[in-house]
$ cat my_file-v6.txt   # compact mmCIF, C-alpha atoms
# COMPACT_ATOMS: atom_id res chain seq x y z
CA MET A 1 -31.35 9.67 36.31
CA THR A 2 -32.11 9.55 32.60
CA ARG A 3 -34.53 12.30 31.74
CA PHE A 4 -36.05 13.24 28.45
CA ILE A 5 -37.26 16.18 26.40
CA GLU A 6 -40.20 15.99 24.01
CA VAL A 7 -40.18 18.20 20.94
CA ARG A 8 -42.50 18.68 18.00
CA THR A 9 -40.86 19.42 14.65
CA SER A 10 -42.67 21.37 11.93
CA ARG A 11 -40.79 20.62 8.70
CA ARG A 12 -39.30 17.59 6.99
CA SER A 13 -35.74 18.80 7.70
CA GLN A 14 -35.08 21.05 10.64
CA LEU A 15 -32.46 21.91 13.25
CA LEU A 16 -34.09 22.65 16.60
CA ASP A 17 -32.07 24.38 19.31
CA ILE A 18 -32.60 22.44 22.57
CA THR A 19 -29.73 23.95 24.57
CA VAL A 20 -31.94 25.62 27.18
CA GLU A 21 -33.94 22.44 27.81
CA VAL A 22 -30.77 20.36 28.21
CA GLN A 23 -29.27 22.84 30.69
CA ARG A 24 -32.52 22.89 32.67
CA ALA A 25 -32.53 19.08 32.99
CA LEU A 26 -28.84 19.11 33.93
CA SER A 27 -29.51 21.61 36.72
CA ALA A 28 -32.33 19.40 38.01
CA SER A 29 -30.02 16.37 38.04
CA GLY A 30 -27.59 17.90 40.52
CA LEU A 31 -24.51 16.77 38.55
CA GLU A 32 -21.59 19.11 39.20
CA GLU A 33 -18.68 17.54 37.29
CA GLY A 34 -18.87 15.06 34.42
CA ALA A 35 -20.66 15.03 31.10
CA ALA A 36 -24.17 15.30 29.68
CA LEU A 37 -25.29 12.73 27.14
CA ILE A 38 -27.92 14.00 24.71
CA TYR A 39 -29.33 10.99 22.84
CA VAL A 40 -31.99 10.61 20.14
CA PRO A 41 -33.78 7.20 20.21
CA HIS A 42 -34.85 7.49 16.57
CA THR A 43 -33.42 6.33 13.24
CA THR A 44 -34.34 9.31 11.03
CA ALA A 45 -33.29 12.08 13.43
CA GLY A 46 -29.95 12.94 15.00
CA VAL A 47 -28.31 15.45 17.29
CA THR A 48 -25.47 17.86 16.56
CA ILE A 49 -23.70 20.88 17.98
CA ASN A 50 -23.10 24.04 16.00
CA GLU A 51 -23.50 27.79 15.92
CA ASN A 52 -26.82 29.08 17.26
CA ALA A 53 -26.15 32.81 16.77
CA ASP A 54 -26.67 33.07 12.98
CA PRO A 55 -29.60 30.82 11.91
CA SER A 56 -28.16 30.62 8.38
CA VAL A 57 -25.56 28.13 9.68
CA ALA A 58 -28.30 25.60 10.48
CA GLU A 59 -29.89 26.23 7.08
CA ASP A 60 -26.55 25.65 5.33
CA ILE A 61 -26.05 22.39 7.20
CA LEU A 62 -29.48 21.12 6.17
CA SER A 63 -29.25 22.20 2.54
CA HIS A 64 -25.76 20.76 2.14
CA LEU A 65 -26.80 17.44 3.69
CA GLU A 66 -29.62 17.39 1.14
CA LYS A 67 -27.05 17.84 -1.66
CA MET A 68 -24.89 15.05 -0.25
CA VAL A 69 -27.84 12.68 0.36
CA PRO A 70 -30.74 13.73 -1.92
CA ARG A 71 -34.15 12.43 -0.93
CA SER A 72 -34.73 11.59 -4.59
CA GLY A 73 -31.74 9.21 -4.76
CA SER A 74 -32.29 5.57 -5.68
CA PHE A 75 -32.59 3.51 -2.51
CA ARG A 76 -33.83 0.00 -1.63
CA HIS A 77 -35.70 0.99 1.54
CA ARG A 78 -39.29 1.45 0.38
CA GLU A 79 -40.56 4.05 2.85
CA GLY A 80 -39.26 7.12 1.01
CA ASN A 81 -37.02 8.15 3.89
CA ALA A 82 -33.77 6.27 3.23
CA ASP A 83 -32.02 9.65 2.91
CA ALA A 84 -33.12 10.49 6.47
CA HIS A 85 -31.61 7.26 7.84
CA ILE A 86 -28.31 8.05 6.08
CA LYS A 87 -28.23 11.69 7.22
CA ALA A 88 -28.83 10.56 10.81
CA THR A 89 -25.87 8.18 10.65
CA LEU A 90 -23.65 10.97 9.26
CA VAL A 91 -24.64 13.52 11.92
CA GLY A 92 -24.82 11.00 14.76
CA PHE A 93 -27.39 9.99 17.38
CA SER A 94 -25.77 11.60 20.40
CA GLN A 95 -23.58 14.38 21.67
CA LEU A 96 -21.63 14.30 24.91
CA VAL A 97 -20.87 17.69 26.46
CA PRO A 98 -18.52 18.25 29.43
CA VAL A 99 -20.15 19.57 32.60
CA ARG A 100 -18.37 21.84 35.09
CA GLY A 101 -19.87 23.50 38.13
CA GLY A 102 -23.29 22.20 37.09
CA ARG A 103 -23.13 23.93 33.69
CA LEU A 104 -22.78 22.57 30.15
CA GLU A 105 -19.25 23.55 29.09
CA LEU A 106 -20.34 24.65 25.62
CA GLY A 107 -18.19 27.05 23.62
CA THR A 108 -19.32 30.66 23.15
CA TRP A 109 -21.00 29.98 19.82
CA GLN A 110 -22.18 26.43 20.45
CA GLY A 111 -25.75 25.24 20.80
CA VAL A 112 -27.20 21.72 20.89
CA PHE A 113 -29.60 20.90 18.05
CA LEU A 114 -32.05 18.09 17.44
CA CYS A 115 -31.71 17.24 13.73
CA GLU A 116 -35.03 16.30 12.16
CA PHE A 117 -34.67 14.58 8.78
CA ASP A 118 -38.13 13.02 8.33
CA GLY A 119 -40.62 15.36 9.98
CA PRO A 120 -42.84 16.85 10.98
CA ARG A 121 -43.05 14.50 13.97
CA SER A 122 -42.94 14.25 17.72
CA ARG A 123 -39.43 13.40 18.84
CA ARG A 124 -37.92 12.40 22.16
CA VAL A 125 -34.44 13.31 23.37
CA LEU A 126 -32.99 11.19 26.20
CA LEU A 127 -30.54 12.68 28.67
CA SER A 128 -28.06 10.93 30.92
CA PHE A 129 -25.69 12.75 33.28
CA LEU A 130 -22.40 10.97 33.81
CA ARG A 131 -19.97 11.36 36.71
CA SER A 132 -16.31 12.19 36.35
CA ALA A 133 -13.42 10.87 38.42
CA PRO A 134 -12.66 10.70 41.24
CA MET B 1 -11.84 17.27 36.74
CA THR B 2 -12.29 18.82 33.29
CA ARG B 3 -8.95 19.84 31.95
CA PHE B 4 -8.02 21.37 28.64
CA ILE B 5 -5.33 21.48 25.99
CA GLU B 6 -4.50 24.58 23.99
CA VAL B 7 -3.23 24.18 20.44
CA ARG B 8 -2.25 26.57 17.67
CA THR B 9 -3.10 25.48 14.14
CA SER B 10 -1.09 26.70 11.15
CA ARG B 11 -3.28 26.07 8.09
CA ARG B 12 -6.94 26.52 7.15
CA SER B 13 -7.54 22.75 7.22
CA GLN B 14 -5.38 20.54 9.38
CA LEU B 15 -5.45 17.36 11.43
CA LEU B 16 -3.36 17.74 14.59
CA ASP B 17 -2.36 14.64 16.55
CA ILE B 18 -3.11 15.34 20.24
CA THR B 19 -2.87 11.75 21.53
CA VAL B 20 0.15 12.36 23.76
CA GLU B 21 -1.41 15.43 25.39
CA VAL B 22 -4.67 13.57 26.08
CA GLN B 23 -2.84 10.62 27.66
CA ARG B 24 -0.78 13.00 29.81
CA ALA B 25 -3.93 14.71 31.15
CA LEU B 26 -5.56 11.32 31.73
CA SER B 27 -2.57 10.17 33.79
CA ALA B 28 -2.77 13.37 35.86
CA SER B 29 -6.49 12.75 36.52
CA GLY B 30 -5.91 9.45 38.28
CA LEU B 31 -8.80 7.72 36.44
CA GLU B 32 -8.17 3.99 36.20
CA GLU B 33 -11.33 2.58 34.58
CA GLY B 34 -13.88 4.48 32.51
CA ALA B 35 -13.64 6.71 29.47
CA ALA B 36 -11.94 9.91 28.33
CA LEU B 37 -14.07 12.58 26.67
CA ILE B 38 -12.16 14.76 24.22
CA TYR B 39 -14.35 17.74 23.35
CA VAL B 40 -13.89 20.77 21.07
CA PRO B 41 -15.88 23.87 22.21
CA HIS B 42 -15.79 25.39 18.71
CA THR B 43 -18.15 25.36 15.72
CA THR B 44 -15.60 25.23 12.87
CA ALA B 45 -13.32 22.56 14.34
CA GLY B 46 -13.95 18.96 15.34
CA VAL B 47 -12.19 15.92 16.71
CA THR B 48 -11.71 12.51 15.14
CA ILE B 49 -9.76 9.32 15.55
CA ASN B 50 -7.78 7.73 12.74
CA GLU B 51 -4.41 6.34 11.69
CA ASN B 52 -1.42 8.34 12.89
CA ALA B 53 1.29 6.13 11.35
CA ASP B 54 1.05 7.23 7.69
CA PRO B 55 0.39 11.01 7.50
CA SER B 56 -1.19 10.59 4.06
CA VAL B 57 -4.33 9.23 5.77
CA ALA B 58 -4.94 12.60 7.45
CA GLU B 59 -4.30 14.38 4.15
CA ASP B 60 -6.78 12.12 2.35
CA ILE B 61 -9.43 12.81 4.99
CA LEU B 62 -8.99 16.58 4.63
CA SER B 63 -8.90 16.62 0.84
CA HIS B 64 -11.94 14.35 0.55
CA LEU B 65 -13.92 16.47 3.02
CA GLU B 66 -13.05 19.45 0.82
CA LYS B 67 -14.50 17.58 -2.20
CA MET B 68 -17.67 16.72 -0.27
CA VAL B 69 -18.08 20.23 1.18
CA PRO B 70 -16.19 22.73 -1.04
CA ARG B 71 -15.40 26.09 0.54
CA SER B 72 -16.55 27.71 -2.70
CA GLY B 73 -20.08 26.27 -2.45
CA SER B 74 -23.06 28.58 -2.31
CA PHE B 75 -24.05 29.15 1.32
CA ARG B 76 -26.20 31.65 3.21
CA HIS B 77 -23.84 32.17 6.13
CA ARG B 78 -21.88 35.30 5.17
CA GLU B 79 -18.57 34.69 6.94
CA GLY B 80 -16.98 32.54 4.25
CA ASN B 81 -16.66 29.53 6.55
CA ALA B 82 -19.99 27.73 6.17
CA ASP B 83 -18.07 24.73 4.81
CA ALA B 84 -16.11 24.57 8.08
CA HIS B 85 -19.32 24.47 10.14
CA ILE B 86 -20.65 21.62 7.98
CA LYS B 87 -17.38 19.64 8.07
CA ALA B 88 -17.33 19.95 11.88
CA THR B 89 -20.85 18.53 12.13
CA LEU B 90 -19.85 15.60 9.85
CA VAL B 91 -16.71 14.73 11.80
CA GLY B 92 -18.19 15.49 15.23
CA PHE B 93 -17.24 17.64 18.22
CA SER B 94 -16.10 14.90 20.54
CA GLN B 95 -14.59 11.46 20.85
CA LEU B 96 -15.00 9.14 23.80
CA VAL B 97 -12.20 6.60 24.33
CA PRO B 98 -12.33 3.72 26.82
CA VAL B 99 -9.77 3.87 29.65
CA ARG B 100 -8.27 0.79 31.28
CA GLY B 101 -5.52 0.70 33.87
CA GLY B 102 -5.11 4.45 33.49
CA ARG B 103 -4.39 4.21 29.74
CA LEU B 104 -6.40 5.24 26.68
CA GLU B 105 -7.55 1.96 25.12
CA LEU B 106 -6.75 3.10 21.58
CA GLY B 107 -6.19 0.54 18.84
CA THR B 108 -2.67 -0.06 17.51
CA TRP B 109 -3.06 2.39 14.63
CA GLN B 110 -5.35 4.92 16.30
CA GLY B 111 -4.50 8.48 17.24
CA VAL B 112 -6.75 11.34 18.39
CA PHE B 113 -6.79 14.36 16.08
CA LEU B 114 -8.07 17.90 16.45
CA CYS B 115 -9.67 18.76 13.10
CA GLU B 116 -9.13 22.39 12.11
CA PHE B 117 -11.43 23.55 9.32
CA ASP B 118 -11.12 27.35 9.58
CA GLY B 119 -7.58 28.09 10.75
CA PRO B 120 -5.02 29.13 11.48
CA ARG B 121 -6.33 29.78 14.98
CA SER B 122 -5.84 29.03 18.64
CA ARG B 123 -8.08 26.15 19.67
CA ARG B 124 -9.03 24.65 22.99
CA VAL B 125 -9.76 20.97 23.64
CA LEU B 126 -11.71 20.14 26.80
CA LEU B 127 -11.19 16.83 28.59
CA SER B 128 -13.45 15.02 31.01
CA PHE B 129 -12.65 11.67 32.58
CA LEU B 130 -15.69 9.53 33.31
CA ARG B 131 -16.02 6.68 35.79
CA SER B 132 -17.20 3.20 34.94
CA ALA B 133 -19.35 0.89 37.03
CA PRO B 134 -19.34 -0.29 39.71
CA MET C 1 -15.07 -3.13 33.60
CA THR C 2 -14.20 -2.74 29.92
CA ARG C 3 -15.29 -5.78 28.06
CA PHE C 4 -15.08 -6.63 24.40
CA ILE C 5 -16.84 -8.45 21.60
CA GLU C 6 -15.03 -10.21 18.77
CA VAL C 7 -16.69 -10.40 15.38
CA ARG C 8 -15.71 -11.79 12.00
CA THR C 9 -16.89 -9.83 8.96
CA SER C 10 -17.44 -11.51 5.62
CA ARG C 11 -17.49 -8.71 3.03
CA ARG C 12 -15.46 -5.57 2.29
CA SER C 13 -18.34 -3.33 3.43
CA GLN C 14 -20.85 -4.62 5.93
CA LEU C 15 -23.10 -3.51 8.76
CA LEU C 16 -23.21 -6.12 11.51
CA ASP C 17 -25.93 -5.96 14.15
CA ILE C 18 -24.25 -6.39 17.57
CA THR C 19 -27.14 -5.19 19.75
CA VAL C 20 -27.69 -8.54 21.49
CA GLU C 21 -24.00 -8.92 22.34
CA VAL C 22 -23.83 -5.40 23.77
CA GLN C 23 -26.92 -5.94 25.94
CA ARG C 24 -25.51 -9.25 27.19
CA ALA C 25 -22.24 -7.58 28.27
CA LEU C 26 -24.17 -4.74 29.87
CA SER C 27 -26.22 -7.20 31.91
CA ALA C 28 -23.03 -8.92 33.06
CA SER C 29 -21.56 -5.57 34.16
CA GLY C 30 -24.30 -4.89 36.69
CA LEU C 31 -24.69 -1.24 35.64
CA GLU C 32 -28.21 -0.02 36.35
CA GLU C 33 -28.16 3.70 35.41
CA GLY C 34 -25.67 5.44 33.13
CA ALA C 35 -24.48 4.82 29.60
CA ALA C 36 -22.85 2.10 27.50
CA LEU C 37 -19.87 3.06 25.36
CA ILE C 38 -19.45 0.90 22.26
CA TYR C 39 -16.00 1.58 20.80
CA VAL C 40 -14.13 0.25 17.76
CA PRO C 41 -10.31 0.30 18.18
CA HIS C 42 -9.75 0.24 14.41
CA THR C 43 -9.17 2.89 11.73
CA THR C 44 -11.11 1.33 8.83
CA ALA C 45 -14.22 0.29 10.77
CA GLY C 46 -16.75 2.30 12.76
CA VAL C 47 -19.92 1.90 14.75
CA THR C 48 -23.36 3.37 14.13
CA ILE C 49 -26.95 3.08 15.23
CA ASN C 50 -29.82 2.68 12.80
CA GLU C 51 -32.86 0.63 11.89
CA ASN C 52 -32.43 -3.12 12.26
CA ALA C 53 -35.96 -4.14 11.17
CA ASP C 54 -35.62 -3.69 7.38
CA PRO C 55 -32.14 -4.83 6.22
CA SER C 56 -32.39 -2.57 3.17
CA VAL C 57 -31.63 0.43 5.42
CA ALA C 58 -28.16 -0.93 6.17
CA GLU C 59 -27.63 -1.66 2.48
CA ASP C 60 -28.64 1.91 1.56
CA ILE C 61 -26.23 3.34 4.12
CA LEU C 62 -23.35 1.30 2.73
CA SER C 63 -24.09 1.98 -0.93
CA HIS C 64 -24.55 5.70 -0.36
CA LEU C 65 -21.30 5.93 1.61
CA GLU C 66 -19.64 4.24 -1.38
CA LYS C 67 -21.06 6.98 -3.66
CA MET C 68 -19.85 9.70 -1.33
CA VAL C 69 -16.40 8.15 -0.84
CA PRO C 70 -15.67 5.83 -3.79
CA ARG C 71 -12.92 3.28 -3.25
CA SER C 72 -11.61 4.18 -6.72
CA GLY C 73 -11.02 7.84 -5.80
CA SER C 74 -7.53 9.30 -6.05
CA PHE C 75 -5.87 9.15 -2.64
CA ARG C 76 -2.30 9.47 -1.34
CA HIS C 77 -2.47 6.59 1.14
CA ARG C 78 -0.99 3.66 -0.77
CA GLU C 79 -2.81 0.71 0.82
CA GLY C 80 -5.96 0.88 -1.32
CA ASN C 81 -8.19 1.53 1.67
CA ALA C 82 -8.13 5.33 2.06
CA ASP C 83 -11.90 5.34 1.42
CA ALA C 84 -12.37 3.05 4.43
CA HIS C 85 -10.44 5.44 6.70
CA ILE C 86 -12.62 8.35 5.51
CA LYS C 87 -15.88 6.42 5.87
CA ALA C 88 -14.92 5.47 9.43
CA THR C 89 -14.31 9.12 10.35
CA LEU C 90 -17.72 10.07 8.88
CA VAL C 91 -19.63 7.34 10.73
CA GLY C 92 -17.58 7.59 13.93
CA PHE C 93 -15.66 5.17 16.13
CA SER C 94 -18.09 4.97 19.01
CA GLN C 95 -21.70 5.21 20.12
CA LEU C 96 -22.87 6.01 23.61
CA VAL C 97 -26.30 4.67 24.57
CA PRO C 98 -28.20 5.61 27.76
CA VAL C 99 -28.78 2.75 30.22
CA ARG C 100 -31.82 2.55 32.48
CA GLY C 101 -32.75 -0.31 34.77
CA GLY C 102 -29.85 -2.32 33.37
CA ARG C 103 -31.14 -2.06 29.79
CA LEU C 104 -29.86 -0.19 26.73
CA GLU C 105 -32.38 2.63 26.22
CA LEU C 106 -32.51 2.14 22.45
CA GLY C 107 -35.48 3.38 20.46
CA THR C 108 -38.01 0.90 19.08
CA TRP C 109 -36.31 0.69 15.68
CA GLN C 110 -32.71 1.16 16.77
CA GLY C 111 -29.94 -1.40 16.65
CA VAL C 112 -26.18 -1.03 17.16
CA PHE C 113 -24.05 -1.91 14.14
CA LEU C 114 -20.36 -2.52 13.63
CA CYS C 115 -19.48 -0.84 10.32
CA GLU C 116 -16.90 -2.79 8.35
CA PHE C 117 -15.31 -0.77 5.54
CA ASP C 118 -12.21 -2.86 4.73
CA GLY C 119 -13.11 -6.48 5.36
CA PRO C 120 -13.38 -9.32 5.58
CA ARG C 121 -11.50 -9.20 8.87
CA SER C 122 -11.64 -10.02 12.55
CA ARG C 123 -12.75 -6.97 14.49
CA ARG C 124 -12.90 -6.12 18.16
CA VAL C 125 -15.51 -3.93 19.83
CA LEU C 126 -14.63 -2.50 23.26
CA LEU C 127 -17.34 -1.78 25.81
CA SER C 128 -17.24 0.50 28.82
CA PHE C 129 -20.19 1.04 31.16
CA LEU C 130 -20.33 4.51 32.69
CA ARG C 131 -22.11 5.60 35.87
CA SER C 132 -24.61 8.40 36.07
CA ALA C 133 -25.08 10.93 38.90
CA PRO C 134 -25.57 10.89 41.76

$ encode --input "my_file-v6.txt" --output "structure tokens"
Amino acid sequence: MTRFIEVRTSRRSQLLDITVEVQRALSASGLEEGAALIYVPHTTAGVTINENADPSVAEDILSHLEKMVPRSGSFRHREGNADAHIKATLVGFSQLVPVRGGRLELGTWQGVFLCEFDGPRSRRVLLSFLRSAP
Amino acid sequence: MTRFIEVRTSRRSQLLDITVEVQRALSASGLEEGAALIYVPHTTAGVTINENADPSVAEDILSHLEKMVPRSGSFRHREGNADAHIKATLVGFSQLVPVRGGRLELGTWQGVFLCEFDGPRSRRVLLSFLRSAP
Amino acid sequence: MTRFIEVRTSRRSQLLDITVEVQRALSASGLEEGAALIYVPHTTAGVTINENADPSVAEDILSHLEKMVPRSGSFRHREGNADAHIKATLVGFSQLVPVRGGRLELGTWQGVFLCEFDGPRSRRVLLSFLRSAP
């Protein structure tokens, strides 16, 4: 029942709207009531929810994360991507969205975004559809 | 099985304790073992868990988030609330709390808080009660 | 079906790899398909996922969180651990990992870490194993 989405990012830092792909997999799963888990099995990428109407919101999120965790900071990890690991922990590796009547119960302005912090790369997003009571 | 809570916030930034309302909806759901999803379908509000004994903890969280993401920062999003979008992504849009014997398995000092970052507004909190194995 | 892990931390700030313990409890639960909730019932500790191959990643996360939320900041909460409450809200109190074939579907480099921000202490980690559809 766990499905996945493959995406290709094109920049080092990027928010990619995957809402349509998640809804498509949910519909295929047959789940009517419960929740959809959207999970990133990486350590330098995350997943968040936010506004997908005005693209400047995603840009503000990325540029402010860069201010809070500059790539040029002094870190022990020697691969040059310690900032990406930290940003991923701040944003989180999963989102869980309620499902009703087979639809993601997102708010009017909400979209689901893969957060790339060390691209460009191929990334995988795992999905699991959980049942509610009773 | 997804229920919701409606709240009215009274300040721009505010932590609102909704623990009692979540437990009440959980009891009505009949779920005995599993987890309660508390989900905010907004893009400038979030949900967190923290201490609800000393109210200064909630104030410290809000004032420190304001230091980390000042409203007066330079952002592209033109609605004057880019900081609220970023704070919501940092705090997160949901919490998932284990349920045992029909009760939220919160720690002694834990409460569930709606996090308002662009109020005052009416906000909705969605709830979904998920079943555990077997 | 909710189980727990007890750990003893040895420093004020510490990331403790609990991946093996979580997998062991998952195996005991018998869940084949769904998700594992890893939940910390504390207000000055959290749980995250990140790289567990190079220990410098965990050190970078902790030292950067200390820069973002210094213990010596001016806070209202009088117990000297307001920073720990804020760090816990940033990192989060739970992680939810997909389960397939009875195994945590973690990425190659991912481990699950208890995040201690006000130790040394005894900490409890609650686990709940959720069923997927159908």

$ atom_distance --input "my_file-v6.txt" --atom1 "atom CA of B:Ile61" --atom2 "atom CA of C:Val91"
12.9 Å

$ closest_atom_pairs --input "my_file-v6.txt" --of "stretch 32-131 of chain A" --to "stretch 33-42 of chain B" --cutoff "7 Å" --atoms "all atoms listed in the file" --output "Markdown table"
| residue | atom | partner | partner_atom | distance |
| --- | --- | --- | --- | --- |
| A:Leu106 | CA | B:Pro41 | CA | 5.7 |
| A:Gly107 | CA | B:Pro41 | CA | 4.2 |
| A:Gln110 | CA | B:His42 | CA | 6.7 |

$ closest_residue --input "my_file-v6.txt" --among "A:Ala88, A:Val20, A:Met68, A:Leu104" --to "A:Thr43" --atoms "all atoms listed in the file"
A:Ala88

$ closest_atom_pairs --input "my_file-v6.txt" --of "chain B" --to "chain A" --cutoff "8 Å" --atoms "only C-alpha atoms" --output "CSV"
residue,atom,partner,partner_atom,distance
B:Met1,CA,A:Ser132,CA,6.8
B:Thr2,CA,A:Arg100,CA,7.0
B:Ser29,CA,A:Ala133,CA,7.4
B:Gly30,CA,A:Pro134,CA,7.5
B:Leu31,CA,A:Ala133,CA,5.9
B:Leu37,CA,A:Pro98,CA,7.7
B:Tyr39,CA,A:Val97,CA,7.2
B:Pro41,CA,A:Gly107,CA,4.2
B:His42,CA,A:Gly107,CA,5.7
B:Thr43,CA,A:Asn50,CA,5.1
B:Met68,CA,A:Met68,CA,7.4
B:Val69,CA,A:His64,CA,7.8
B:Phe75,CA,A:Asp60,CA,5.9
B:Arg76,CA,A:Ser56,CA,5.6
B:His77,CA,A:Ser56,CA,5.1
B:Ala82,CA,A:Val57,CA,6.6
B:His85,CA,A:Asn50,CA,7.0
B:Ile86,CA,A:Ile61,CA,5.5
B:Thr89,CA,A:Val91,CA,6.3
B:Leu90,CA,A:Val91,CA,5.6
B:Gly92,CA,A:Val91,CA,7.5
B:Phe93,CA,A:Ile49,CA,7.2
B:Ser94,CA,A:Leu96,CA,7.1
B:Leu126,CA,A:Pro98,CA,7.5
B:Leu127,CA,A:Pro98,CA,7.5
B:Ser128,CA,A:Pro98,CA,6.2
B:Phe129,CA,A:Ser132,CA,5.3
B:Leu130,CA,A:Ser132,CA,4.1
B:Arg131,CA,A:Ser132,CA,5.5

$ residues_around --input "my_file-v6.txt" --residues "C:Ser10" --least-positions-apart "5" --cutoff "9 Å" --atoms "only C-alpha atoms" --output "mmCIF file with C-alpha atoms, in the coordinates of the input"
data_model
loop_
_atom_site.group_PDB
_atom_site.id
_atom_site.type_symbol
_atom_site.label_atom_id
_atom_site.label_comp_id
_atom_site.auth_asym_id
_atom_site.auth_seq_id
_atom_site.Cartn_x
_atom_site.Cartn_y
_atom_site.Cartn_z
ATOM 1 C CA GLY C 119 -13.110 -6.480 5.360
ATOM 2 C CA PRO C 120 -13.380 -9.320 5.580
ATOM 3 C CA ARG C 121 -11.500 -9.200 8.870
#

$ closest_residue --input "my_file-v6.txt" --among "C:Glu32, C:Glu21, C:Asp118, C:Asp83" --to "C:Gly101" --atoms "all atoms listed in the file"
C:Glu32

$ atom_distance --input "my_file-v6.txt" --atom1 "atom CA of A:Val112" --atom2 "atom CA of A:Val125"
11.4 Å

$ decode --input "my_file-v6.txt" --residues "stretch 17-28 of chain B" --atoms "N, CA, C and O atoms" --output "PDB file, in the first residue's frame"
ATOM      1  N   ASP B  17      -4.286  27.025  23.540  1.00  0.00           N
ATOM      2  CA  ASP B  17      -4.342  25.652  24.049  1.00  0.00           C
ATOM      3  C   ASP B  17      -5.673  25.010  23.638  1.00  0.00           C
ATOM      4  O   ASP B  17      -6.740  25.454  24.059  1.00  0.00           O
ATOM      5  N   ILE B  18      -5.605  23.962  22.807  1.00  0.00           N
ATOM      6  CA  ILE B  18      -6.823  23.292  22.332  1.00  0.00           C
ATOM      7  C   ILE B  18      -6.892  21.835  22.814  1.00  0.00           C
ATOM      8  O   ILE B  18      -7.645  21.023  22.282  1.00  0.00           O
ATOM      9  N   THR B  19      -6.120  21.518  23.848  1.00  0.00           N
ATOM     10  CA  THR B  19      -6.031  20.133  24.332  1.00  0.00           C
ATOM     11  C   THR B  19      -7.395  19.562  24.725  1.00  0.00           C
ATOM     12  O   THR B  19      -7.732  18.420  24.357  1.00  0.00           O
ATOM     13  N   VAL B  20      -8.168  20.337  25.451  1.00  0.00           N
ATOM     14  CA  VAL B  20      -9.462  19.853  25.951  1.00  0.00           C
ATOM     15  C   VAL B  20     -10.399  19.549  24.782  1.00  0.00           C
ATOM     16  O   VAL B  20     -11.083  18.514  24.771  1.00  0.00           O
ATOM     17  N   GLU B  21     -10.404  20.420  23.783  1.00  0.00           N
ATOM     18  CA  GLU B  21     -11.285  20.233  22.626  1.00  0.00           C
ATOM     19  C   GLU B  21     -10.871  18.993  21.824  1.00  0.00           C
ATOM     20  O   GLU B  21     -11.721  18.261  21.311  1.00  0.00           O
ATOM     21  N   VAL B  22      -9.564  18.764  21.701  1.00  0.00           N
ATOM     22  CA  VAL B  22      -9.095  17.583  20.968  1.00  0.00           C
ATOM     23  C   VAL B  22      -9.493  16.308  21.714  1.00  0.00           C
ATOM     24  O   VAL B  22      -9.995  15.354  21.113  1.00  0.00           O
ATOM     25  N   GLN B  23      -9.307  16.291  23.032  1.00  0.00           N
ATOM     26  CA  GLN B  23      -9.671  15.101  23.811  1.00  0.00           C
ATOM     27  C   GLN B  23     -11.166  14.830  23.728  1.00  0.00           C
ATOM     28  O   GLN B  23     -11.596  13.672  23.635  1.00  0.00           O
ATOM     29  N   ARG B  24     -11.969  15.895  23.735  1.00  0.00           N
ATOM     30  CA  ARG B  24     -13.426  15.740  23.659  1.00  0.00           C
ATOM     31  C   ARG B  24     -13.826  15.090  22.320  1.00  0.00           C
ATOM     32  O   ARG B  24     -14.631  14.163  22.288  1.00  0.00           O
ATOM     33  N   ALA B  25     -13.216  15.551  21.228  1.00  0.00           N
ATOM     34  CA  ALA B  25     -13.529  14.978  19.910  1.00  0.00           C
ATOM     35  C   ALA B  25     -13.032  13.537  19.819  1.00  0.00           C
ATOM     36  O   ALA B  25     -13.690  12.674  19.224  1.00  0.00           O
ATOM     37  N   LEU B  26     -11.877  13.266  20.421  1.00  0.00           N
ATOM     38  CA  LEU B  26     -11.360  11.895  20.444  1.00  0.00           C
ATOM     39  C   LEU B  26     -12.335  10.969  21.170  1.00  0.00           C
ATOM     40  O   LEU B  26     -12.656   9.871  20.680  1.00  0.00           O
ATOM     41  N   SER B  27     -12.834  11.399  22.313  1.00  0.00           N
ATOM     42  CA  SER B  27     -13.780  10.582  23.083  1.00  0.00           C
ATOM     43  C   SER B  27     -15.027  10.298  22.249  1.00  0.00           C
ATOM     44  O   SER B  27     -15.548   9.178  22.245  1.00  0.00           O
ATOM     45  N   ALA B  28     -15.509  11.307  21.520  1.00  0.00           N
ATOM     46  CA  ALA B  28     -16.699  11.139  20.680  1.00  0.00           C
ATOM     47  C   ALA B  28     -16.449  10.164  19.532  1.00  0.00           C
ATOM     48  O   ALA B  28     -17.379   9.522  19.038  1.00  0.00           O
TER      49      ALA B  28
END
